[in-house]
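So this block is coords.cif, mmCIF, C-alpha atoms:
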```cif
data_target
loop_
_atom_site.label_atom_id
_atom_site.label_comp_id
_atom_site.auth_asym_id
_atom_site.auth_seq_id
_atom_site.Cartn_x
_atom_site.Cartn_y
_atom_site.Cartn_z
CA MET H 1371 136.06 126.86 446.54
CA LYS H 1372 138.79 127.74 444.01
CA ARG H 1373 141.29 125.71 446.04
CA GLN H 1374 138.96 122.69 445.92
CA LYS H 1375 138.57 123.01 442.13
CA SER H 1376 142.33 123.32 441.74
CA THR H 1377 142.91 120.24 443.87
CA LEU H 1378 140.32 118.25 441.90
CA ALA H 1379 141.94 119.32 438.64
CA ILE H 1380 145.36 118.13 439.83
CA LEU H 1381 143.96 114.78 441.01
CA LEU H 1382 142.13 114.32 437.71
CA LEU H 1383 145.33 115.06 435.78
CA LEU H 1384 147.30 112.57 437.88
CA PHE H 1385 144.63 109.89 437.45
CA THR H 1386 144.51 110.42 433.69
CA SER H 1387 148.30 110.18 433.45
CA MET H 1388 148.32 106.95 435.46
CA VAL H 1389 145.64 105.41 433.24
CA LEU H 1390 147.49 106.40 430.06
CA PHE H 1391 150.79 105.06 431.41
CA SER H 1392 149.14 101.80 432.42
CA CYS H 1393 147.48 101.35 429.03
CA GLY H 1394 150.68 102.18 427.23
CA GLY H 1395 152.60 99.61 429.26
CA ASN H 1396 150.07 96.85 428.64
CA SER H 1397 149.99 97.66 424.93
CA SER H 1398 153.76 97.44 424.71
CA GLU H 1399 153.85 94.14 426.60
CA THR H 1400 151.07 92.74 424.45
CA GLN H 1401 152.83 93.83 421.27
CA THR H 1402 156.10 92.24 422.42
CA ALA H 1403 154.33 88.99 423.29
CA GLU H 1404 152.60 88.95 419.92
CA GLN H 1405 155.88 89.57 418.11
CA THR H 1406 157.57 86.74 420.03
CA GLU H 1407 154.70 84.38 419.28
CA THR H 1408 154.74 85.32 415.59
CA THR H 1409 158.51 84.76 415.38
CA SER H 1410 158.18 81.37 417.06
CA GLU H 1411 155.37 80.32 414.71
CA SER H 1412 157.38 81.53 411.73
CA GLN H 1413 160.36 79.41 412.75
CA GLU H 1414 158.16 76.33 413.14
CA GLU H 1415 156.57 76.90 409.74
CA LYS H 1416 159.97 76.96 408.07
CA GLN H 1417 160.93 73.58 409.57
CA LYS H 1418 160.40 70.84 406.98
CA VAL H 1419 159.35 67.34 407.94
CA ILE H 1420 160.89 64.03 406.87
CA LEU H 1421 158.61 61.13 407.75
CA PHE H 1422 159.96 57.60 407.94
CA PHE H 1423 156.91 55.38 407.75
CA GLY H 1424 157.80 51.77 408.40
CA ASN H 1425 158.15 48.84 410.75
CA SER H 1426 160.69 47.70 413.34
CA LEU H 1427 163.60 48.54 411.05
CA SER H 1428 162.71 52.24 411.11
CA ALA H 1429 161.69 52.04 414.78
CA GLY H 1430 165.15 50.73 415.68
CA TYR H 1431 164.08 47.50 417.33
CA GLY H 1432 166.53 46.42 420.06
CA ILE H 1433 168.52 49.68 420.13
CA ASP H 1434 167.96 53.31 421.12
CA PRO H 1435 165.80 55.13 418.55
CA GLU H 1436 168.48 57.80 418.21
CA ASP H 1437 170.86 55.12 416.91
CA ALA H 1438 168.43 53.83 414.28
CA PHE H 1439 168.88 55.16 410.77
CA PRO H 1440 166.09 57.79 410.99
CA GLY H 1441 167.75 59.18 414.12
CA LEU H 1442 171.09 59.23 412.31
CA VAL H 1443 169.46 61.18 409.48
CA GLN H 1444 168.27 63.77 412.00
CA ALA H 1445 171.76 64.00 413.50
CA ARG H 1446 173.31 64.55 410.07
CA LEU H 1447 170.76 67.23 409.17
CA ASP H 1448 171.41 69.00 412.47
CA SER H 1449 175.16 68.90 411.90
CA LEU H 1450 174.64 70.51 408.49
CA GLY H 1451 172.45 73.23 409.98
CA GLU H 1452 169.43 72.13 407.95
CA ASN H 1453 166.06 73.09 409.43
CA PHE H 1454 164.40 69.68 409.22
CA LYS H 1455 162.43 67.60 411.69
CA VAL H 1456 162.57 63.82 411.31
CA ILE H 1457 159.48 61.94 412.45
CA ASN H 1458 159.95 58.24 413.08
CA GLY H 1459 156.71 56.47 412.14
CA GLY H 1460 158.16 53.00 412.59
CA LEU H 1461 156.07 50.38 414.39
CA SER H 1462 157.35 46.90 415.20
CA GLY H 1463 155.42 44.15 413.46
CA GLU H 1464 153.72 46.55 411.05
CA THR H 1465 152.42 45.23 407.73
CA THR H 1466 151.46 47.20 404.65
CA ALA H 1467 147.79 46.77 405.57
CA GLY H 1468 148.40 48.07 409.08
CA GLY H 1469 150.40 50.98 407.72
CA LEU H 1470 147.63 51.94 405.35
CA SER H 1471 145.09 51.93 408.19
CA ARG H 1472 147.14 54.23 410.44
CA LEU H 1473 148.53 56.54 407.77
CA ASP H 1474 145.98 59.34 408.19
CA TRP H 1475 147.19 60.09 411.70
CA PHE H 1476 150.71 60.73 410.41
CA LEU H 1477 149.50 62.91 407.58
CA GLU H 1478 148.12 65.59 409.86
CA GLU H 1479 151.41 67.39 409.22
CA GLU H 1480 152.69 67.73 405.66
CA PRO H 1481 155.91 65.79 405.06
CA PHE H 1482 158.50 67.34 402.78
CA ILE H 1483 159.94 63.86 402.24
CA PHE H 1484 158.02 60.63 402.85
CA VAL H 1485 160.11 57.45 403.16
CA LEU H 1486 157.99 54.32 402.83
CA GLU H 1487 159.62 51.31 404.51
CA LEU H 1488 157.02 48.57 404.68
CA GLY H 1489 156.46 45.09 403.31
CA GLY H 1490 159.12 43.06 405.09
CA ASN H 1491 156.64 41.64 407.58
CA ASP H 1492 154.25 40.83 404.76
CA GLY H 1493 156.92 38.69 403.16
CA LEU H 1494 157.92 36.96 406.38
CA ARG H 1495 154.27 36.06 406.99
CA GLY H 1496 153.64 34.88 403.46
CA ILE H 1497 150.94 37.46 402.77
CA GLN H 1498 149.63 37.35 399.23
CA LEU H 1499 151.98 39.37 397.03
CA SER H 1500 149.16 41.15 395.24
CA GLU H 1501 147.91 42.45 398.59
CA THR H 1502 151.31 43.82 399.54
CA LYS H 1503 151.66 45.60 396.21
CA LYS H 1504 148.11 46.96 396.38
CA ASN H 1505 148.71 48.39 399.85
CA LEU H 1506 152.02 50.02 398.89
CA LEU H 1507 150.33 51.65 395.91
CA ALA H 1508 147.44 52.82 398.10
CA ILE H 1509 149.79 54.37 400.65
CA ILE H 1510 151.58 56.33 397.95
CA ASP H 1511 148.27 57.41 396.42
CA LYS H 1512 147.00 58.64 399.77
CA VAL H 1513 150.12 60.70 400.42
CA ARG H 1514 150.04 62.19 396.92
CA SER H 1515 146.33 62.92 397.10
CA LYS H 1516 146.74 65.01 400.24
CA TYR H 1517 150.18 66.47 399.58
CA PRO H 1518 151.02 66.49 395.85
CA ASP H 1519 154.38 68.20 396.43
CA THR H 1520 155.70 65.65 398.92
CA LYS H 1521 158.77 63.78 397.70
CA ILE H 1522 158.31 60.03 398.12
CA ILE H 1523 161.07 57.47 398.55
CA LEU H 1524 160.33 53.74 398.56
CA ALA H 1525 162.71 51.49 400.48
CA GLY H 1526 163.11 48.16 398.70
CA MET H 1527 163.15 44.98 400.75
CA GLN H 1528 164.18 41.37 400.27
CA ILE H 1529 163.32 38.31 402.35
CA PRO H 1530 164.93 34.91 403.03
CA PRO H 1531 163.55 31.99 401.02
CA ASN H 1532 161.43 30.62 403.89
CA MET H 1533 158.30 30.78 401.75
CA GLY H 1534 159.97 29.20 398.74
CA GLN H 1535 162.28 30.65 396.12
CA GLU H 1536 159.48 31.61 393.75
CA TYR H 1537 157.68 33.66 396.41
CA THR H 1538 160.98 35.27 397.44
CA ASP H 1539 161.85 36.26 393.88
CA GLU H 1540 158.40 37.66 393.16
CA PHE H 1541 158.42 39.58 396.43
CA MET H 1542 161.64 41.34 395.48
CA LYS H 1543 160.08 42.46 392.19
CA ILE H 1544 157.25 44.31 393.93
CA TYR H 1545 159.33 47.35 394.85
CA PRO H 1546 160.77 48.21 391.41
CA ALA H 1547 157.30 47.68 389.94
CA VAL H 1548 155.64 50.03 392.45
CA ALA H 1549 158.39 52.64 392.07
CA GLN H 1550 158.05 52.60 388.30
CA GLU H 1551 154.27 52.67 388.33
CA LYS H 1552 154.10 55.59 390.75
CA ASN H 1553 157.29 57.33 389.59
CA VAL H 1554 158.92 57.47 393.02
CA LYS H 1555 162.57 57.14 394.05
CA LEU H 1556 163.60 53.59 394.92
CA ILE H 1557 166.24 52.48 397.38
CA PRO H 1558 166.95 49.09 395.75
CA PHE H 1559 167.59 47.23 399.02
CA LEU H 1560 167.42 48.95 402.40
CA LEU H 1561 169.59 46.36 404.16
CA GLU H 1562 172.32 46.23 401.51
CA GLY H 1563 175.56 45.12 403.16
CA VAL H 1564 173.78 44.31 406.42
CA ALA H 1565 171.34 41.46 405.79
CA GLY H 1566 172.82 38.04 406.47
CA ASN H 1567 175.83 39.36 408.37
CA PRO H 1568 175.71 38.08 411.99
CA GLU H 1569 178.12 40.80 413.14
CA LEU H 1570 175.74 43.53 411.99
CA ASN H 1571 172.49 42.02 413.23
CA LEU H 1572 170.95 41.23 416.59
CA PRO H 1573 170.70 37.55 417.62
CA ASP H 1574 167.37 37.26 415.78
CA GLY H 1575 169.27 37.68 412.52
CA ILE H 1576 166.71 40.19 411.25
CA HIS H 1577 167.25 43.51 413.00
CA PRO H 1578 170.45 45.52 412.58
CA THR H 1579 172.73 46.43 415.47
CA GLU H 1580 173.90 50.03 415.96
CA GLU H 1581 176.75 49.31 413.56
CA GLY H 1582 174.27 47.84 411.10
CA HIS H 1583 172.13 50.96 411.27
CA GLN H 1584 175.18 53.06 410.47
CA ILE H 1585 175.46 51.15 407.20
CA VAL H 1586 171.72 51.47 406.54
CA PHE H 1587 172.07 55.21 407.12
CA GLY H 1588 174.82 55.28 404.51
CA THR H 1589 172.44 53.61 402.07
CA VAL H 1590 169.55 55.96 402.82
CA TRP H 1591 171.35 59.28 403.18
CA PRO H 1592 172.15 59.94 399.48
CA PHE H 1593 168.44 59.69 398.68
CA ILE H 1594 167.63 62.19 401.42
CA GLU H 1595 170.48 64.50 400.52
CA GLU H 1596 169.45 64.85 396.90
CA ASN H 1597 165.95 65.91 397.93
CA ILE H 1598 166.64 68.50 400.63
#
```

Translate this structure into C-alpha cells?
Amino acid sequence: MKRQKSTLAILLLLFTSMVLFSCGGNSSETQTAEQTETTSESQEEKQKVILFFGNSLSAGYGIDPEDAFPGLVQARLDSLGENFKVINGGLSGETTAGGLSRLDWFLEEEPFIFVLELGGNDGLRGIQLSETKKNLLAIIDKVRSKYPDTKIILAGMQIPPNMGQEYTDEFMKIYPAVAQEKNVKLIPFLLEGVAGNPELNLPDGIHPTEEGHQIVFGTVWPFIEENI
C-alpha cells in the first residue's frame, strides 16, 4: 500500500512538472509574439505618409509609376533614410469634382503632407472656373477638417489657350488665389521647364516622359524637403 502511494506521489509530481513546463513555454512564446507584434506596430506608426492627390500627371501616365515624380520622391526619401511612405492618389482623367468625391477614401490614413495636384483636366474641358476653384477650396477644407496638422501643398497648373486667352489667364490665377485664401504652400507651376517641350513629353504633348518627370521632381522636391 505504501509502495502504491509512493508511486502515485511520483507520478503526480511528474505530471505537475510537465504542466508547469508546458504553461511556462506557451507563456514565453506568447510574450515573444506579443513583443514582436508591438514592435512591428510601433514601426508602422512612426512611418509618416505623403499623399499625392491628383490626375494622370501624378499617376505617371504612359510610364512606370516608379518613374513618375511621386515615385521619385519616395526613392529620394528612402535614400536619405527618412521613414516616409508615399501614396500615389493619381487617377487619369480626374477633375476637381471627381477628386472631391473620392477624397474620403484616401483620408482613412492621416497624411503628414498632402499634395493637391488637380485642375488641369478642368481647364482642358473648359469647366467653369468658379467650379474648379470651389472644388479646390473644398478639398483643402475637408483635409484640414479631419487632420488639422497635415501640411498642404497646392501644385499650380497652366493650360494652353484652347479655350481662349481670357479663360487661360483666369485659370492660371485660380491657384495663387486658393493658396492665399487657405494659407497653403504653392508650387507656382508644376510643369515648369517641361510643358511645351516635345523632347520632355509623350507624343500627346501633355504628359511628361521619364526625363520630364525628373524635372518635375526637381520642382516638387524642395517643397517636400522643407516640410519633412

Would you pick out the contacts of segment 1551-1566 of chain H at 8 Å or less, using all atoms listed in the file, so that residues sharing its chain but fewer than 3 positions from it are not included, and give the list as a ChimeraX atom specification?
/H:1507,1510,1521-1528,1545-1548,1570-1571,1575-1576,1578,1582,1585-1586,1589-1590,1593

One number please: atom CA of Lys1504 of chain H to atom CA of Leu1470 of chain H, in Å, one decimal.
10.3 Å

Any chance you could resolve the PyMOL selection byres ((chain H and resi 1498) around 12) against this file and give the residues as a ChimeraX atom specification?
/H:1465-1467,1489,1491-1497,1499-1505,1533,1537-1538,1540-1541,1544

I would like the residues chosen by the PyMOL selection byres ((chain H and resi 1473) around 12) on the shown file; could you give them as an MDAnalysis selection string?
chainID H and resid 1421:1424 1459:1461 1464:1472 1474:1479 1484 1486 1505:1506 1508:1513 1516

Selection dump of the PyMOL selection byres ((chain H and resi 1594) around 9), as a list in words
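Applied to this file, the PyMOL selection byres ((chain H and resi 1594) around 9) returns Ile1420, Val1443, Ile1483, Ile1523, Val1590, Trp1591, Pro1592, Phe1593, Glu1595, Glu1596, Asn1597 and Ile1598 of chain H.
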
Which residue is closest to Thr1579 of chain H? Choose from H:Ala1438, H:Tyr1517, H:Val1419, H:Asn1453 and count only C-alpha atoms.
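Ranking H:Ala1438, H:Tyr1517, H:Val1419, H:Asn1453 by distance to Thr1579 of chain H, first place goes to H:Ala1438.
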
Coordinates-based distance that separates atom CA of Lys1418 of chain H from atom CA of His1577 of chain H (Å, one decimal)
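Computed distance, atom CA of His1577 of chain H to atom CA of Lys1418 of chain H, equals 28.8 Å.
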
What does the structure give for the distance between atom CA of Gln1584 of chain H and atom CA of Pro1481 of chain H, in Å to one decimal?
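A separation of 23.7 Å between them.
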
Find, counting only C-alpha atoms, the residue in H:Ser1515, H:Leu1442, H:Leu1427, H:Asp1434 that gets nearest to Ser1462 of chain H.
H:Leu1427

Looking at H:Pro1440, H:Phe1482, H:Phe1587, H:Lys1543, which one is nearest to Asp1519 of chain H, with distances taken over only C-alpha atoms?
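Smallest distance to Asp1519 of chain H is found for H:Phe1482.
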
Looking at H:Glu1580, H:Ile1457, H:Glu1436, H:Glu1480, which one is nearest to Pro1518 of chain H, with distances taken over all atoms listed in the file?
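Between H:Glu1580, H:Ile1457, H:Glu1436, H:Glu1480, the residue approaching Pro1518 of chain H most closely is H:Glu1480.
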